[in-house]
$ cat entry.pdb   # PDB, C-alpha atoms
ATOM      1  CA  GLN A   1      96.591  99.521  96.995  1.00  0.00           C
ATOM      2  CA  ILE A   2      92.965 100.328  96.257  1.00  0.00           C
ATOM      3  CA  GLN A   3      91.541 103.538  94.861  1.00  0.00           C
ATOM      4  CA  LEU A   4      87.862 104.330  95.330  1.00  0.00           C
ATOM      5  CA  VAL A   5      85.731 106.748  93.341  1.00  0.00           C
ATOM      6  CA  GLU A   6      82.225 107.639  94.450  1.00  0.00           C
ATOM      7  CA  SER A   7      79.515 109.029  92.217  1.00  0.00           C
ATOM      8  CA  GLY A   8      75.791 109.677  92.197  1.00  0.00           C
ATOM      9  CA  GLY A   9      75.423 112.250  94.929  1.00  0.00           C
ATOM     10  CA  GLY A  10      73.629 115.537  94.656  1.00  0.00           C
ATOM     11  CA  THR A  11      70.745 117.597  95.939  1.00  0.00           C
ATOM     12  CA  VAL A  12      67.277 116.122  96.016  1.00  0.00           C
ATOM     13  CA  GLN A  13      63.979 116.750  97.711  1.00  0.00           C
ATOM     14  CA  ALA A  14      62.580 114.782 100.601  1.00  0.00           C
ATOM     15  CA  GLY A  15      60.979 111.600  99.351  1.00  0.00           C
ATOM     16  CA  ASP A  16      63.260 111.267  96.338  1.00  0.00           C
ATOM     17  CA  SER A  17      65.691 108.453  95.653  1.00  0.00           C
ATOM     18  CA  LEU A  18      69.376 108.387  94.829  1.00  0.00           C
ATOM     19  CA  ARG A  19      71.807 105.640  93.970  1.00  0.00           C
ATOM     20  CA  LEU A  20      75.412 106.070  94.959  1.00  0.00           C
ATOM     21  CA  SER A  21      78.125 104.122  93.200  1.00  0.00           C
ATOM     22  CA  CYS A  22      81.637 103.358  94.315  1.00  0.00           C
ATOM     23  CA  THR A  23      84.128 101.822  91.924  1.00  0.00           C
ATOM     24  CA  ALA A  24      87.393 100.333  93.063  1.00  0.00           C
ATOM     25  CA  SER A  25      90.594 100.155  91.066  1.00  0.00           C
ATOM     26  CA  GLY A  26      94.065  98.886  91.730  1.00  0.00           C
ATOM     27  CA  ARG A  27      94.596  95.570  93.507  1.00  0.00           C
ATOM     28  CA  THR A  28      90.905  94.744  93.445  1.00  0.00           C
ATOM     29  CA  PHE A  29      91.577  91.021  93.623  1.00  0.00           C
ATOM     30  CA  THR A  30      92.340  91.620  97.298  1.00  0.00           C
ATOM     31  CA  LEU A  31      88.892  93.062  98.050  1.00  0.00           C
ATOM     32  CA  HIS A  32      87.029  91.460 100.911  1.00  0.00           C
ATOM     33  CA  ALA A  33      84.208  93.895 101.537  1.00  0.00           C
ATOM     34  CA  MET A  34      83.036  97.360 100.620  1.00  0.00           C
ATOM     35  CA  GLY A  35      80.611  99.657 102.290  1.00  0.00           C
ATOM     36  CA  TRP A  36      79.290 103.091 103.015  1.00  0.00           C
ATOM     37  CA  PHE A  37      79.568 105.468 105.928  1.00  0.00           C
ATOM     38  CA  ARG A  38      78.207 108.961 106.252  1.00  0.00           C
ATOM     39  CA  GLN A  39      79.109 112.062 108.183  1.00  0.00           C
ATOM     40  CA  ALA A  40      76.700 114.901 108.805  1.00  0.00           C
ATOM     41  CA  PRO A  41      77.999 118.364 109.746  1.00  0.00           C
ATOM     42  CA  GLY A  42      79.231 118.416 113.321  1.00  0.00           C
ATOM     43  CA  LYS A  43      78.703 114.689 113.792  1.00  0.00           C
ATOM     44  CA  GLU A  44      80.815 111.572 113.759  1.00  0.00           C
ATOM     45  CA  ARG A  45      81.096 109.282 110.788  1.00  0.00           C
ATOM     46  CA  ASP A  46      78.399 106.619 111.033  1.00  0.00           C
ATOM     47  CA  PHE A  47      78.108 103.204 109.464  1.00  0.00           C
ATOM     48  CA  VAL A  48      75.449 102.870 106.768  1.00  0.00           C
ATOM     49  CA  ALA A  49      75.928  99.563 104.974  1.00  0.00           C
ATOM     50  CA  ARG A  50      78.501  96.916 104.087  1.00  0.00           C
ATOM     51  CA  ILE A  51      78.606  94.036 101.663  1.00  0.00           C
ATOM     52  CA  TRP A  52      81.080  91.200 101.605  1.00  0.00           C
ATOM     53  CA  TRP A  53      82.283  89.751  98.346  1.00  0.00           C
ATOM     54  CA  GLY A  54      80.626  86.474  99.216  1.00  0.00           C
ATOM     55  CA  GLY A  55      77.279  88.285  99.081  1.00  0.00           C
ATOM     56  CA  THR A  56      76.402  88.812 102.720  1.00  0.00           C
ATOM     57  CA  SER A  57      75.361  92.344 103.529  1.00  0.00           C
ATOM     58  CA  THR A  58      74.273  94.424 106.446  1.00  0.00           C
ATOM     59  CA  VAL A  59      72.523  97.782 106.665  1.00  0.00           C
ATOM     60  CA  ALA A  60      72.246 100.087 109.661  1.00  0.00           C
ATOM     61  CA  ASP A  61      68.979  99.706 111.541  1.00  0.00           C
ATOM     62  CA  SER A  62      68.284 103.409 111.192  1.00  0.00           C
ATOM     63  CA  VAL A  63      68.011 103.178 107.395  1.00  0.00           C
ATOM     64  CA  LYS A  64      67.437  99.517 106.535  1.00  0.00           C
ATOM     65  CA  ASP A  65      63.819 100.110 105.601  1.00  0.00           C
ATOM     66  CA  ARG A  66      64.904 102.665 102.979  1.00  0.00           C
ATOM     67  CA  PHE A  67      68.490 101.869 101.942  1.00  0.00           C
ATOM     68  CA  SER A  68      69.978  98.800 100.330  1.00  0.00           C
ATOM     69  CA  ILE A  69      73.465  97.816  99.209  1.00  0.00           C
ATOM     70  CA  SER A  70      74.484  95.699  96.272  1.00  0.00           C
ATOM     71  CA  ARG A  71      77.634  94.930  94.331  1.00  0.00           C
ATOM     72  CA  ASP A  72      78.786  94.071  90.852  1.00  0.00           C
ATOM     73  CA  ILE A  73      81.935  92.038  91.302  1.00  0.00           C
ATOM     74  CA  GLY A  74      82.773  92.169  87.612  1.00  0.00           C
ATOM     75  CA  LYS A  75      82.836  95.959  87.788  1.00  0.00           C
ATOM     76  CA  ASP A  76      84.381  96.145  91.291  1.00  0.00           C
ATOM     77  CA  THR A  77      81.513  98.432  92.158  1.00  0.00           C
ATOM     78  CA  VAL A  78      79.116  98.720  95.048  1.00  0.00           C
ATOM     79  CA  TYR A  79      75.869 100.608  95.031  1.00  0.00           C
ATOM     80  CA  LEU A  80      73.866 102.249  97.772  1.00  0.00           C
ATOM     81  CA  GLN A  81      70.233 102.602  96.827  1.00  0.00           C
ATOM     82  CA  MET A  82      68.597 105.258  98.957  1.00  0.00           C
ATOM     83  CA  ASN A  83      64.834 105.620  98.816  1.00  0.00           C
ATOM     84  CA  THR A  84      62.418 107.977 100.520  1.00  0.00           C
ATOM     85  CA  LEU A  85      65.238 110.295 101.450  1.00  0.00           C
ATOM     86  CA  LYS A  86      64.836 112.581 104.441  1.00  0.00           C
ATOM     87  CA  PRO A  87      66.573 115.834 105.346  1.00  0.00           C
ATOM     88  CA  GLU A  88      68.383 113.967 108.123  1.00  0.00           C
ATOM     89  CA  ASP A  89      70.055 111.836 105.449  1.00  0.00           C
ATOM     90  CA  THR A  90      72.018 114.912 104.414  1.00  0.00           C
ATOM     91  CA  ALA A  91      75.686 114.087 104.827  1.00  0.00           C
ATOM     92  CA  VAL A  92      78.918 113.364 103.083  1.00  0.00           C
ATOM     93  CA  TYR A  93      78.830 109.702 102.121  1.00  0.00           C
ATOM     94  CA  TYR A  94      82.111 107.820 102.135  1.00  0.00           C
ATOM     95  CA  CYS A  95      82.869 104.565 100.413  1.00  0.00           C
ATOM     96  CA  GLY A  96      85.210 102.213 102.212  1.00  0.00           C
ATOM     97  CA  ALA A  97      86.916  99.007 101.218  1.00  0.00           C
ATOM     98  CA  ASN A  98      88.464  96.209 103.210  1.00  0.00           C
ATOM     99  CA  VAL A  99      91.059  93.915 101.736  1.00  0.00           C
ATOM    100  CA  TYR A 100      92.407  90.594 102.860  1.00  0.00           C
ATOM    101  CA  GLY A 101      95.178  91.362 105.267  1.00  0.00           C
ATOM    102  CA  GLY A 102      93.242  94.020 107.133  1.00  0.00           C
ATOM    103  CA  ASP A 103      93.964  97.246 105.286  1.00  0.00           C
ATOM    104  CA  GLU A 104      91.178  99.750 104.795  1.00  0.00           C
ATOM    105  CA  TYR A 105      90.758 102.313 102.056  1.00  0.00           C
ATOM    106  CA  TRP A 106      88.461 105.293 101.747  1.00  0.00           C
ATOM    107  CA  GLY A 107      87.049 107.368  98.949  1.00  0.00           C
ATOM    108  CA  GLN A 108      87.038 111.142  99.055  1.00  0.00           C
ATOM    109  CA  GLY A 109      83.370 111.320  99.918  1.00  0.00           C
ATOM    110  CA  ILE A 110      80.360 112.604  98.057  1.00  0.00           C
ATOM    111  CA  GLN A 111      77.765 115.082  99.206  1.00  0.00           C
ATOM    112  CA  VAL A 112      74.112 114.141  99.496  1.00  0.00           C
ATOM    113  CA  THR A 113      71.761 116.963 100.377  1.00  0.00           C
ATOM    114  CA  VAL A 114      68.072 116.399 100.985  1.00  0.00           C
ATOM    115  CA  SER A 115      65.888 119.473 101.101  1.00  0.00           C
ATOM    116  CA  SER A 116      62.543 119.545 102.865  1.00  0.00           C
TER     117      SER A 116
END
$ encode --input "entry.pdb" --output "structure tokens"
Amino acid sequence: QIQLVESGGGTVQAGDSLRLSCTASGRTFTLHAMGWFRQAPGKERDFVARIWWGGTSTVADSVKDRFSISRDIGKDTVYLQMNTLKPEDTAVYYCGANVYGGDEYWGQGIQVTVSS
């Protein structure tokens, strides 16, 4: 099993930056990819970014000019760098992990609030 712990959220003003971190523990040698989703109030959970352990990454078109994803394999941690934040980025951000074999794991989520 994999446990995920997110950190780095909070309340910021429009135009600010935040970096979210997600650290995995447990059977981390089975990790295949990790990523971020977000869910705004009253909306579905949307994909934000994913990075595979081989280094390939993808970021949603809606944020790719402002957000980037990276990973530190030695720390079993992925980061979501969010720049020029907008009020519409306000959401609960969830870290997810995929392991070889197909299982998925989720963190508890972390709130990001962007005030105008």
$ resolve_selection --input "entry.pdb" --expression "the PyMOL selection byres ((chain A and resi 32-39) around 7)" --output "PyMOL selection string"
chain A and resi 30-31+40-41+43-53+78+91-100
$ resolve_selection --input "entry.pdb" --expression "the PyMOL selection byres ((chain A and resi 1) around 8)" --output "list in words"
Ile2, Gln3, Gly26 and Arg27 of chain A
$ atom_distance --input "entry.pdb" --atom1 "atom CA of A:Asp89" --atom2 "atom CA of A:Asp72"
24.6 Å
$ residues_near_point --input "entry.pdb" --point "(70.7, 99.8, 97.1)" --cutoff "8 Å" --atoms "all atoms listed in the file" --output "number ranges by chain"
A: 19, 67-70, 79-82
$ resolve_selection --input "entry.pdb" --expression "the PyMOL selection byres ((chain A and resi 6) around 6)" --output "PDB file with C-alpha atoms, in the coordinates of the input"
ATOM      1  CA  VAL A   5      85.731 106.748  93.341  1.00  0.00           C
ATOM      2  CA  SER A   7      79.515 109.029  92.217  1.00  0.00           C
ATOM      3  CA  SER A  21      78.125 104.122  93.200  1.00  0.00           C
ATOM      4  CA  CYS A  22      81.637 103.358  94.315  1.00  0.00           C
TER       5      CYS A  22
END
$ closest_residue --input "entry.pdb" --among "A:Glu88, A:Asp65, A:Asp76, A:Asp103" --to "A:Leu4" --atoms "only C-alpha atoms"
A:Asp76
$ atom_distance --input "entry.pdb" --atom1 "atom CA of A:Gly55" --atom2 "atom CA of A:Ser17"
23.5 Å
$ residues_around --input "entry.pdb" --residues "A:Gly15" --least-positions-apart "6" --cutoff "8 Å" --atoms "only C-alpha atoms" --output "list in words"
Asn83, Thr84, Leu85 and Lys86 of chain A
$ closest_residue --input "entry.pdb" --among "A:Ser116, A:Gln111, A:Thr77, A:Thr90" --to "A:Ala24" --atoms "all atoms listed in the file"
A:Thr77
$ atom_distance --input "entry.pdb" --atom1 "atom CA of A:Gly102" --atom2 "atom CA of A:Arg71"
20.2 Å
$ residues_around --input "entry.pdb" --residues "A:Val12" --least-positions-apart "4" --cutoff "7 Å" --atoms "all atoms listed in the file" --output "ChimeraX atom specification"
/A:16,113-115
$ closest_residue --input "entry.pdb" --among "A:Gly54, A:Gly42, A:Gly8, A:Pro87" --to "A:Thr23" --atoms "all atoms listed in the file"
A:Gly8
$ axis_aligned_box --input "entry.pdb" --around "stretch 84-95 of chain A" --padding-each-side "6 Å" --output "lines of an AutoDock Vina configuration file"
center_x = 72.6
center_y = 110.2
center_z = 104.3
size_x = 32.5
size_y = 23.3
size_z = 19.7
